[in-house]
file protein30.cif (mmCIF, C-alpha atoms)
data_target
#
loop_
_atom_site.label_atom_id
_atom_site.label_comp_id
_atom_site.auth_asym_id
_atom_site.auth_seq_id
_atom_site.Cartn_x
_atom_site.Cartn_y
_atom_site.Cartn_z
CA MET B 1 -15.11 -148.06 -25.36
CA GLU B 2 -14.01 -148.09 -28.99
CA SER B 3 -12.59 -151.22 -30.56
CA ASN B 4 -8.89 -151.69 -31.24
CA PRO B 5 -8.03 -149.38 -34.16
CA PHE B 6 -5.10 -151.61 -35.21
CA ALA B 7 -7.09 -154.89 -35.37
CA GLY B 8 -5.62 -157.18 -37.99
CA SER B 9 -7.00 -159.91 -40.19
CA GLY B 10 -5.78 -162.58 -42.55
CA SER B 11 -3.17 -165.29 -42.08
CA GLU B 12 0.07 -163.50 -43.00
CA ILE B 13 2.12 -162.17 -40.10
CA PRO B 14 2.97 -158.53 -40.95
CA ALA B 15 6.45 -157.34 -40.00
CA VAL B 16 5.09 -153.77 -39.74
CA ARG B 17 1.56 -152.62 -38.98
CA LEU B 18 0.61 -149.12 -40.07
CA PRO B 19 -1.70 -146.79 -38.11
CA PRO B 20 -5.37 -146.62 -39.19
CA THR B 21 -6.06 -144.06 -41.90
CA ASP B 22 -8.51 -142.23 -39.65
CA GLY B 23 -5.93 -142.00 -36.87
CA PRO B 24 -5.71 -143.45 -33.36
CA PHE B 25 -6.50 -140.27 -31.46
CA ARG B 26 -10.22 -140.64 -30.74
CA HIS B 27 -9.61 -144.09 -29.30
CA ARG B 28 -6.72 -142.65 -27.27
CA ALA B 29 -8.82 -139.81 -25.89
CA ALA B 30 -11.53 -142.25 -24.77
CA ARG B 31 -8.92 -144.43 -23.06
CA PHE B 32 -7.44 -141.44 -21.24
CA ARG B 33 -10.94 -140.55 -19.97
CA GLN B 34 -11.57 -144.10 -18.83
CA LEU B 35 -8.25 -144.35 -16.98
CA ALA B 36 -8.78 -140.96 -15.31
CA GLN B 37 -11.81 -142.43 -13.53
CA SER B 38 -9.72 -145.11 -11.82
CA ARG B 39 -6.40 -143.29 -11.29
CA SER B 40 -7.38 -140.45 -8.96
CA SER B 41 -3.81 -139.30 -8.32
CA LEU B 42 -3.22 -138.87 -12.08
CA ALA B 43 -6.74 -137.83 -13.08
CA GLY B 44 -5.85 -134.21 -13.80
CA TYR B 45 -3.04 -135.06 -16.20
CA LEU B 46 -4.94 -137.94 -17.81
CA ASN B 47 -7.91 -135.67 -18.53
CA LEU B 48 -5.58 -133.01 -19.92
CA MET B 49 -4.07 -135.63 -22.24
CA ALA B 50 -7.60 -136.68 -23.24
CA ASP B 51 -8.29 -133.06 -24.24
CA LEU B 52 -5.03 -133.04 -26.20
CA ALA B 53 -5.86 -136.30 -28.00
CA GLU B 54 -9.28 -134.94 -28.96
CA ILE B 55 -7.60 -131.87 -30.44
CA GLN B 56 -5.20 -134.13 -32.35
CA ALA B 57 -8.19 -136.01 -33.77
CA GLY B 58 -9.78 -132.74 -34.85
CA LEU B 59 -6.62 -131.71 -36.71
CA TRP B 60 -6.20 -135.03 -38.52
CA ASP B 61 -7.73 -134.04 -41.86
CA ASP B 62 -5.72 -130.82 -42.08
CA ALA B 63 -2.52 -132.75 -41.39
CA ALA B 64 -3.26 -135.18 -44.23
CA ALA B 65 -3.45 -132.24 -46.64
CA ALA B 66 -0.08 -130.87 -45.54
CA LEU B 67 2.14 -133.95 -45.59
CA PRO B 68 5.81 -133.38 -46.47
CA PRO B 69 7.41 -135.67 -49.05
CA ASP B 70 10.15 -136.51 -46.56
CA ILE B 71 9.30 -137.09 -42.90
CA SER B 72 12.76 -135.93 -41.81
CA ARG B 73 11.93 -132.43 -43.13
CA LEU B 74 8.78 -132.18 -41.03
CA PRO B 75 10.04 -129.49 -38.57
CA GLU B 76 10.46 -127.11 -41.50
CA ASN B 77 6.93 -127.78 -42.75
CA PRO B 78 4.49 -124.84 -42.33
CA GLY B 79 1.60 -127.27 -41.88
CA TRP B 80 3.21 -128.74 -38.79
CA ARG B 81 3.78 -125.29 -37.31
CA ALA B 82 0.12 -124.46 -37.92
CA THR B 83 -0.86 -127.65 -36.09
CA LEU B 84 1.25 -126.73 -33.07
CA ARG B 85 -0.28 -123.25 -32.93
CA SER B 86 -3.77 -124.76 -33.28
CA ILE B 87 -3.08 -127.02 -30.33
CA ALA B 88 -1.98 -124.00 -28.30
CA ASP B 89 -5.17 -122.16 -29.32
CA ARG B 90 -7.56 -125.03 -28.54
CA LEU B 91 -6.11 -126.54 -25.38
CA LYS B 92 -7.76 -125.06 -22.30
CA PRO B 93 -5.24 -124.07 -19.63
CA GLY B 94 -6.13 -125.60 -16.28
CA GLU B 95 -3.41 -123.78 -14.37
CA PRO B 96 -1.29 -120.62 -14.78
CA GLY B 97 1.84 -122.58 -15.70
CA LEU B 98 0.16 -124.19 -18.68
CA ALA B 99 -1.35 -120.89 -19.78
CA SER B 100 2.12 -119.33 -20.02
CA LEU B 101 3.42 -122.29 -22.04
CA LEU B 102 0.52 -122.00 -24.46
CA ASP B 103 1.13 -118.26 -24.83
CA ARG B 104 4.81 -118.86 -25.49
CA THR B 105 3.98 -121.44 -28.14
CA ARG B 106 1.52 -119.13 -29.91
CA GLN B 107 4.01 -116.26 -29.94
CA ALA B 108 7.10 -118.23 -31.01
CA ALA B 109 8.60 -117.44 -34.40
CA ASP B 110 8.65 -120.07 -37.15
CA GLU B 111 12.38 -120.59 -36.68
CA GLU B 112 11.96 -121.32 -32.99
CA LEU B 113 9.17 -123.81 -33.64
CA ALA B 114 11.35 -125.56 -36.22
CA THR B 115 14.16 -125.75 -33.68
CA TRP B 116 11.87 -127.29 -31.07
CA GLY B 117 10.63 -129.86 -33.56
CA GLY B 118 14.11 -130.77 -34.71
CA ARG B 119 15.35 -131.23 -31.16
CA LEU B 120 12.43 -133.42 -30.21
CA LEU B 121 12.87 -135.62 -33.29
CA ALA B 122 16.55 -135.96 -32.37
CA GLY B 123 15.66 -136.91 -28.79
CA ASP B 124 17.47 -133.83 -27.49
CA PHE B 125 15.12 -133.14 -24.58
CA ASP B 126 17.81 -131.33 -22.61
CA ARG B 127 17.55 -128.39 -25.03
CA ILE B 128 13.77 -128.06 -25.18
CA ASP B 129 11.52 -126.71 -22.43
CA ALA B 130 10.16 -129.71 -20.55
CA GLY B 131 6.68 -128.19 -20.43
CA ILE B 132 6.58 -127.43 -24.15
CA ALA B 133 7.92 -130.83 -25.25
CA PRO B 134 4.56 -132.67 -24.99
CA LEU B 135 2.85 -129.98 -27.09
CA VAL B 136 5.54 -130.21 -29.75
CA ALA B 137 5.33 -134.01 -29.65
CA ALA B 138 1.55 -133.91 -30.03
CA ALA B 139 1.79 -131.76 -33.15
CA LEU B 140 4.51 -133.96 -34.64
CA GLN B 141 2.45 -137.07 -33.87
CA VAL B 142 -0.50 -135.79 -35.88
CA HIS B 143 1.60 -135.32 -39.01
CA MET B 144 3.90 -138.30 -38.57
CA THR B 145 1.03 -140.69 -37.85
CA SER B 146 -0.88 -139.33 -40.84
CA PHE B 147 2.21 -139.81 -43.00
CA ALA B 148 2.74 -143.37 -41.74
CA SER B 149 -0.91 -144.35 -42.16
CA ARG B 150 -0.72 -143.58 -45.89
CA LEU B 151 2.71 -145.06 -46.51
CA ALA B 152 3.09 -147.73 -49.18
CA ARG B 153 4.49 -150.84 -47.55
CA GLU B 154 7.12 -151.25 -50.26
CA ARG B 155 8.63 -147.95 -49.10
CA ILE B 156 9.35 -149.32 -45.62
CA GLY B 157 12.95 -150.44 -45.35
CA PRO B 158 14.62 -152.45 -42.59
CA ALA B 159 14.89 -150.88 -39.15
CA ARG B 160 18.26 -149.45 -38.13
CA THR B 161 18.07 -151.47 -34.92
CA GLY B 162 15.47 -153.75 -33.39
CA SER B 163 14.45 -150.97 -31.02
CA ALA B 164 14.10 -148.25 -33.70
CA CYS B 165 10.95 -147.64 -35.74
CA PRO B 166 11.50 -148.78 -39.34
CA VAL B 167 9.50 -145.79 -40.61
CA CYS B 168 10.85 -142.82 -38.63
CA ASP B 169 13.68 -144.27 -36.50
CA ALA B 170 12.09 -143.18 -33.21
CA LEU B 171 12.12 -145.29 -30.05
CA PRO B 172 9.06 -147.24 -28.91
CA VAL B 173 6.63 -146.08 -26.26
CA ALA B 174 5.74 -149.66 -25.27
CA ALA B 175 5.21 -153.18 -26.56
CA LEU B 176 1.79 -154.65 -27.32
CA LEU B 177 0.73 -158.28 -27.25
CA GLN B 178 -1.81 -158.27 -30.03
CA THR B 179 -5.05 -160.16 -30.36
CA GLY B 180 -7.00 -161.47 -33.32
CA GLY B 181 -6.13 -163.32 -36.51
CA ALA B 182 -2.54 -164.04 -37.45
CA VAL B 183 -1.13 -161.53 -34.95
CA HIS B 184 -2.79 -163.02 -31.86
CA GLY B 185 -0.28 -163.19 -29.02
CA LEU B 186 2.54 -161.62 -31.05
CA ARG B 187 4.62 -158.77 -29.65
CA TYR B 188 4.76 -155.49 -31.55
CA LEU B 189 6.68 -152.41 -30.51
CA VAL B 190 4.74 -149.15 -30.93
CA CYS B 191 6.54 -146.07 -32.24
CA SER B 192 6.43 -143.10 -29.88
CA LEU B 193 5.96 -140.63 -32.74
CA CYS B 194 4.47 -142.11 -35.92
CA GLY B 195 2.46 -144.89 -34.27
CA CYS B 196 3.72 -147.72 -36.49
CA GLU B 197 4.06 -151.15 -34.92
CA TRP B 198 6.89 -153.56 -35.72
CA HIS B 199 7.15 -157.21 -34.77
CA ARG B 200 9.73 -158.46 -32.27
CA PRO B 201 9.82 -162.02 -30.87
CA ARG B 202 8.59 -162.45 -27.31
CA ILE B 203 10.74 -163.23 -24.24
CA GLN B 204 13.76 -161.68 -25.91
CA CYS B 205 15.38 -158.42 -24.84
CA ILE B 206 14.67 -155.66 -27.33
CA ASP B 207 17.99 -153.99 -26.55
CA CYS B 208 20.59 -156.79 -26.38
CA GLY B 209 18.63 -159.77 -27.73
CA SER B 210 19.23 -161.97 -24.69
CA SER B 211 16.52 -164.40 -23.62
CA LYS B 212 18.38 -165.89 -20.65
CA ASP B 213 17.43 -163.47 -17.89
CA VAL B 214 14.10 -161.88 -18.82
CA ALA B 215 11.76 -161.14 -15.90
CA TYR B 216 8.33 -159.57 -15.58
CA PHE B 217 7.25 -157.00 -13.01
CA ALA B 218 3.79 -155.76 -12.07
CA ILE B 219 2.15 -153.40 -9.59
CA GLU B 220 -0.71 -154.67 -7.47
CA GLY B 221 -3.89 -152.81 -8.30
CA LEU B 222 -2.90 -151.96 -11.88
CA GLY B 223 -4.34 -155.19 -13.25
CA GLU B 224 -2.72 -157.92 -15.32
CA ALA B 225 -2.72 -156.14 -18.66
CA VAL B 226 0.33 -153.90 -18.08
CA LYS B 227 3.68 -155.25 -16.93
CA ALA B 228 7.35 -154.40 -17.34
CA GLU B 229 9.66 -156.79 -19.15
CA GLY B 230 13.17 -156.38 -17.73
CA CYS B 231 16.44 -157.83 -19.00
CA GLY B 232 18.91 -158.85 -16.33
CA ALA B 233 21.77 -158.85 -18.83
CA CYS B 234 21.65 -155.20 -19.94
CA ARG B 235 19.27 -153.89 -17.22
CA THR B 236 16.81 -152.32 -19.65
CA TYR B 237 13.04 -152.69 -19.61
CA VAL B 238 10.02 -152.02 -21.75
CA LYS B 239 6.39 -151.99 -20.73
CA ILE B 240 4.42 -154.80 -22.28
CA MET B 241 0.66 -154.45 -22.65
CA ASP B 242 -1.64 -157.40 -23.31
CA ARG B 243 -4.73 -156.65 -25.42
CA ASP B 244 -6.04 -160.13 -24.74
CA LYS B 245 -6.46 -159.05 -21.12
CA ASP B 246 -7.77 -155.55 -21.95
CA ALA B 247 -8.77 -154.86 -25.55
CA ALA B 248 -9.12 -151.11 -24.90
CA ILE B 249 -5.45 -150.55 -24.12
CA ASP B 250 -3.73 -147.57 -25.69
CA PRO B 251 0.07 -147.59 -25.24
CA PHE B 252 0.35 -143.85 -24.59
CA ALA B 253 -2.56 -143.61 -22.16
CA ASP B 254 -1.81 -146.83 -20.31
CA ASP B 255 1.84 -145.90 -20.04
CA ILE B 256 1.06 -142.65 -18.23
CA ALA B 257 -1.52 -144.37 -16.04
CA SER B 258 1.12 -146.90 -14.92
CA LEU B 259 3.85 -144.51 -13.80
CA ALA B 260 4.13 -146.47 -10.55
CA LEU B 261 5.63 -149.29 -12.60
CA ASP B 262 8.38 -146.98 -13.88
CA LEU B 263 9.21 -146.00 -10.31
CA LEU B 264 9.45 -149.68 -9.37
CA MET B 265 11.79 -150.43 -12.26
CA ALA B 266 14.01 -147.47 -11.39
CA GLU B 267 14.26 -148.73 -7.82
CA GLU B 268 15.23 -152.16 -9.17
CA GLY B 269 18.04 -150.60 -11.17
CA TYR B 270 16.55 -150.87 -14.67
CA ARG B 271 16.75 -148.26 -17.45
CA ARG B 272 13.73 -147.70 -19.65
CA LEU B 273 14.14 -148.44 -23.34
CA GLY B 274 11.94 -145.95 -25.13
CA ILE B 275 9.97 -142.85 -24.22
CA ASN B 276 6.49 -141.42 -24.02
CA PRO B 277 6.78 -137.91 -25.50
CA LEU B 278 3.44 -136.90 -23.94
CA LEU B 279 5.15 -136.99 -20.55
CA VAL B 280 7.31 -134.12 -19.33
CA PRO B 281 10.85 -135.59 -19.31
CA GLY B 282 12.16 -135.60 -15.78
CA GLY B 283 8.72 -134.51 -14.51
#

call {"tool": "encode", "arguments": {"input": "protein30.cif", "output": "structure tokens"}}
result
Amino acid sequence: MESNPFAGSGSEIPAVRLPPTDGPFRHRAARFRQLAQSRSSLAGYLNLMADLAEIQAGLWDDAAAALPPDISRLPENPGWRATLRSIADRLKPGEPGLASLLDRTRQAADEELATWGGRLLAGDFDRIDAGIAPLVAAALQVHMTSFASRLARERIGPARTGSACPVCDALPVAALLQTGGAVHGLRYLVCSLCGCEWHRPRIQCIDCGSSKDVAYFAIEGLGEAVKAEGCGACRTYVKIMDRDKDAAIDPFADDIASLALDLLMAEEGYRRLGINPLLVPGG
């Protein structure tokens, strides 16, 4: 398994950690493959996501050459639309339903693709086909992660809220407990779109800031590396993943592989703070 692509060094604690300049997607694909071997009920989807991550990795260099000057204008960017169509061309349909979604994506007009991208960036999943949303998200991730990886740190302003990415304002996919150097044991939220990580103190609710009623939940058989941190005050939760317990963790892959934990939290009456755009919303 590949090493952690976000490994840090030095003594200064960074408020924001940028994605690696060669992208996180090859590491992610390998993690999806590894998890597929131990999660038989999810193996089909995990392997499909591994294929998708490998395609994202293959499109990385082209995305770097087509970066928009303003990330908010990305849906209008022709390079992003080309990436989405390339994903549709390269992803092998494993079932008829996926084949029709890929065909629809290839045949969509530029204006429709821009609309899909704008709605996904706005979090408006109710007005985008649930099956197409992960494809759109994957294309956006390539460009947004490439943009973030090359961003000058002085251009990063304060986050709008503690739960919003300071680079693109998206919600987190999960929290990571980092390992190594000055960041060892620190909690960083991971952006669901651009892949940036931003520091938030541990044992403190990301949503309301309370530290009085924070509890941790786990599923037997999933190991100790992935848990849910729930706040009894506002009834929100975020998955927290410990790289000291499993250095190969990828927040997107390990999130999908631990869907049983989301079901548990829903049964306990908690609302998830954040989203994994590689999952079909409501699916």

call {"tool": "residues_around", "arguments": {"input": "protein30.cif", "residues": "region 121-124 of chain B", "least_positions_apart": "5", "cutoff": "9 Å", "atoms": "all atoms listed in the file", "output": "CSV table (one decimal) with C-alpha atoms, keeping the file's coordinate frame"}}
result
chain,number,residue,atom,x,y,z
B,72,SER,CA,12.8,-135.9,-41.8
B,75,PRO,CA,10.0,-129.5,-38.6
B,116,TRP,CA,11.9,-127.3,-31.1
B,137,ALA,CA,5.3,-134.0,-29.6
B,140,LEU,CA,4.5,-134.0,-34.6
B,170,ALA,CA,12.1,-143.2,-33.2
B,193,LEU,CA,6.0,-140.6,-32.7

call {"tool": "atom_distance", "arguments": {"input": "protein30.cif", "atom1": "CA of Leu52 (chain B)", "atom2": "CA of Gly118 (chain B)"}}
result
21.1 Å

call {"tool": "residues_around", "arguments": {"input": "protein30.cif", "residues": "Ala15 (chain B)", "least_positions_apart": "6", "cutoff": "10 Å", "atoms": "all atoms listed in the file", "output": "PyMOL selection string"}}
result
chain B and resi 158+166+188+197-200

call {"tool": "resolve_selection", "arguments": {"input": "protein30.cif", "expression": "the PyMOL selection byres ((chain B and resi 218-233) around 9)", "output": "VMD selection string"}}
result
chain B and resid 203 to 208 210 to 217 234 to 246 249 254 to 255 257 to 258 260 to 262 264 to 265 270 to 272

call {"tool": "residues_around", "arguments": {"input": "protein30.cif", "residues": "Asp70 (chain B)", "least_positions_apart": "3", "cutoff": "12 Å", "atoms": "only C-alpha atoms", "output": "PyMOL selection string"}}
result
chain B and resi 66-67+73-77+143-144+147-148+151+155+167-168

call {"tool": "atom_distance", "arguments": {"input": "protein30.cif", "atom1": "CA of Val173 (chain B)", "atom2": "CA of Ser192 (chain B)"}}
result
4.7 Å

call {"tool": "atom_distance", "arguments": {"input": "protein30.cif", "atom1": "CA of Pro78 (chain B)", "atom2": "CA of His27 (chain B)"}}
result
27.2 Å

call {"tool": "closest_residue", "arguments": {"input": "protein30.cif", "among": "B:Ala63, B:Leu279, B:Ala182, B:Ala164", "to": "Phe252 (chain B)", "atoms": "all atoms listed in the file"}}
result
B:Leu279

call {"tool": "resolve_selection", "arguments": {"input": "protein30.cif", "expression": "the PyMOL selection byres ((chain B and resi 98) around 12)", "output": "list in words"}}
result
Tyr45, Leu48, Ala88, Leu91, Lys92, Pro93, Gly94, Glu95, Pro96, Gly97, Ala99, Ser100, Leu101, Leu102, Asp103, Arg104, Thr105, Ala130, Gly131, Ile132, Pro134 and Leu135 of chain B

call {"tool": "resolve_selection", "arguments": {"input": "protein30.cif", "expression": "the PyMOL selection byres ((chain B and resi 59-62) around 9)", "output": "PDB file with C-alpha atoms, in the frame of the given file"}}
result
ATOM      1  CA  ASP B  22      -8.510-142.230 -39.650  1.00  0.00           C
ATOM      2  CA  GLY B  23      -5.930-142.000 -36.870  1.00  0.00           C
ATOM      3  CA  PHE B  25      -6.500-140.270 -31.460  1.00  0.00           C
ATOM      4  CA  GLU B  54      -9.280-134.940 -28.960  1.00  0.00           C
ATOM      5  CA  ILE B  55      -7.600-131.870 -30.440  1.00  0.00           C
ATOM      6  CA  GLN B  56      -5.200-134.130 -32.350  1.00  0.00           C
ATOM      7  CA  ALA B  57      -8.190-136.010 -33.770  1.00  0.00           C
ATOM      8  CA  GLY B  58      -9.780-132.740 -34.850  1.00  0.00           C
ATOM      9  CA  ALA B  63      -2.520-132.750 -41.390  1.00  0.00           C
ATOM     10  CA  ALA B  64      -3.260-135.180 -44.230  1.00  0.00           C
ATOM     11  CA  ALA B  65      -3.450-132.240 -46.640  1.00  0.00           C
ATOM     12  CA  ALA B  66      -0.080-130.870 -45.540  1.00  0.00           C
ATOM     13  CA  GLY B  79       1.600-127.270 -41.880  1.00  0.00           C
ATOM     14  CA  THR B  83      -0.860-127.650 -36.090  1.00  0.00           C
ATOM     15  CA  SER B  86      -3.770-124.760 -33.280  1.00  0.00           C
ATOM     16  CA  ILE B  87      -3.080-127.020 -30.330  1.00  0.00           C
ATOM     17  CA  VAL B 142      -0.500-135.790 -35.880  1.00  0.00           C
ATOM     18  CA  HIS B 143       1.600-135.320 -39.010  1.00  0.00           C
ATOM     19  CA  SER B 146      -0.880-139.330 -40.840  1.00  0.00           C
TER      20      SER B 146
END

call {"tool": "closest_residue", "arguments": {"input": "protein30.cif", "among": "B:Leu18, B:Ala139, B:Ala174, B:Leu186", "to": "Ala253 (chain B)", "atoms": "all atoms listed in the file"}}
result
B:Ala174

call {"tool": "closest_residue", "arguments": {"input": "protein30.cif", "among": "B:Arg119, B:Val16, B:Gln34, B:Gln141", "to": "Ala53 (chain B)", "atoms": "all atoms listed in the file"}}
result
B:Gln141

call {"tool": "closest_residue", "arguments": {"input": "protein30.cif", "among": "B:Ala247, B:Arg17, B:Glu267, B:Leu113", "to": "Gly195 (chain B)", "atoms": "only C-alpha atoms"}}
result
B:Arg17

call {"tool": "closest_residue", "arguments": {"input": "protein30.cif", "among": "B:Asp250, B:Glu268, B:Asp89, B:Asp129", "to": "Gln178 (chain B)", "atoms": "all atoms listed in the file"}}
result
B:Asp250

call {"tool": "build_atoms", "arguments": {"input": "protein30.cif", "residues": "region 211-221 of chain B", "atoms": "all heavy atoms", "output": "compact mmCIF listing (two decimals), in the coordinates of the input"}}
result
# COMPACT_ATOMS: atom_id res chain seq x y z
N SER B 211 17.75 -163.80 -24.12
CA SER B 211 16.52 -164.40 -23.62
C SER B 211 16.78 -165.21 -22.36
O SER B 211 15.92 -165.95 -21.89
CB SER B 211 15.89 -165.30 -24.70
OG SER B 211 16.81 -166.32 -25.08
N LYS B 212 17.97 -165.07 -21.79
CA LYS B 212 18.38 -165.89 -20.65
C LYS B 212 17.91 -165.35 -19.31
O LYS B 212 17.72 -166.11 -18.37
CB LYS B 212 19.91 -166.01 -20.64
CG LYS B 212 20.48 -166.75 -21.84
CD LYS B 212 21.99 -166.85 -21.76
CE LYS B 212 22.56 -167.60 -22.95
NZ LYS B 212 24.05 -167.69 -22.90
N ASP B 213 17.74 -164.05 -19.19
CA ASP B 213 17.43 -163.47 -17.89
C ASP B 213 16.34 -162.41 -18.02
O ASP B 213 16.51 -161.27 -17.59
CB ASP B 213 18.70 -162.87 -17.27
CG ASP B 213 18.54 -162.56 -15.79
OD1 ASP B 213 17.53 -163.03 -15.20
OD2 ASP B 213 19.40 -161.88 -15.22
N VAL B 214 15.23 -162.79 -18.63
CA VAL B 214 14.10 -161.88 -18.82
C VAL B 214 13.11 -162.11 -17.69
O VAL B 214 12.72 -163.25 -17.42
CB VAL B 214 13.42 -162.10 -20.18
CG1 VAL B 214 12.17 -161.24 -20.30
CG2 VAL B 214 14.39 -161.76 -21.31
N ALA B 215 12.70 -161.04 -17.02
CA ALA B 215 11.76 -161.14 -15.90
C ALA B 215 10.64 -160.15 -16.09
O ALA B 215 10.79 -159.13 -16.78
CB ALA B 215 12.49 -160.87 -14.58
N TYR B 216 9.52 -160.42 -15.44
CA TYR B 216 8.33 -159.57 -15.58
C TYR B 216 7.94 -159.00 -14.22
O TYR B 216 8.00 -159.69 -13.20
CB TYR B 216 7.18 -160.37 -16.19
CG TYR B 216 7.46 -160.76 -17.61
CD1 TYR B 216 8.13 -161.95 -17.89
CD2 TYR B 216 7.13 -159.93 -18.67
CE1 TYR B 216 8.45 -162.30 -19.19
CE2 TYR B 216 7.44 -160.28 -19.97
CZ TYR B 216 8.10 -161.47 -20.23
OH TYR B 216 8.41 -161.80 -21.52
N PHE B 217 7.58 -157.73 -14.23
CA PHE B 217 7.25 -157.00 -13.01
C PHE B 217 5.87 -156.38 -13.16
O PHE B 217 5.48 -155.96 -14.24
CB PHE B 217 8.28 -155.90 -12.75
CG PHE B 217 9.70 -156.38 -12.61
CD1 PHE B 217 10.46 -156.67 -13.74
CD2 PHE B 217 10.28 -156.54 -11.36
CE1 PHE B 217 11.76 -157.12 -13.63
CE2 PHE B 217 11.58 -156.97 -11.24
CZ PHE B 217 12.34 -157.27 -12.37
N ALA B 218 5.14 -156.34 -12.05
CA ALA B 218 3.79 -155.76 -12.07
C ALA B 218 3.55 -155.03 -10.77
O ALA B 218 4.25 -155.25 -9.76
CB ALA B 218 2.74 -156.85 -12.29
N ILE B 219 2.56 -154.15 -10.77
CA ILE B 219 2.15 -153.40 -9.59
C ILE B 219 0.75 -153.87 -9.20
O ILE B 219 -0.17 -153.89 -10.02
CB ILE B 219 2.11 -151.88 -9.87
CG1 ILE B 219 3.53 -151.36 -10.15
CG2 ILE B 219 1.49 -151.13 -8.70
CD1 ILE B 219 4.43 -151.28 -8.96
N GLU B 220 0.60 -154.24 -7.94
CA GLU B 220 -0.71 -154.67 -7.47
C GLU B 220 -1.71 -153.52 -7.58
O GLU B 220 -1.41 -152.38 -7.23
CB GLU B 220 -0.61 -155.12 -6.00
CG GLU B 220 -1.89 -155.71 -5.45
CD GLU B 220 -1.74 -156.24 -4.04
OE1 GLU B 220 -0.62 -156.20 -3.51
OE2 GLU B 220 -2.76 -156.69 -3.47
N GLY B 221 -2.86 -153.82 -8.13
CA GLY B 221 -3.89 -152.81 -8.30
C GLY B 221 -3.94 -152.23 -9.69
O GLY B 221 -4.92 -151.57 -10.05
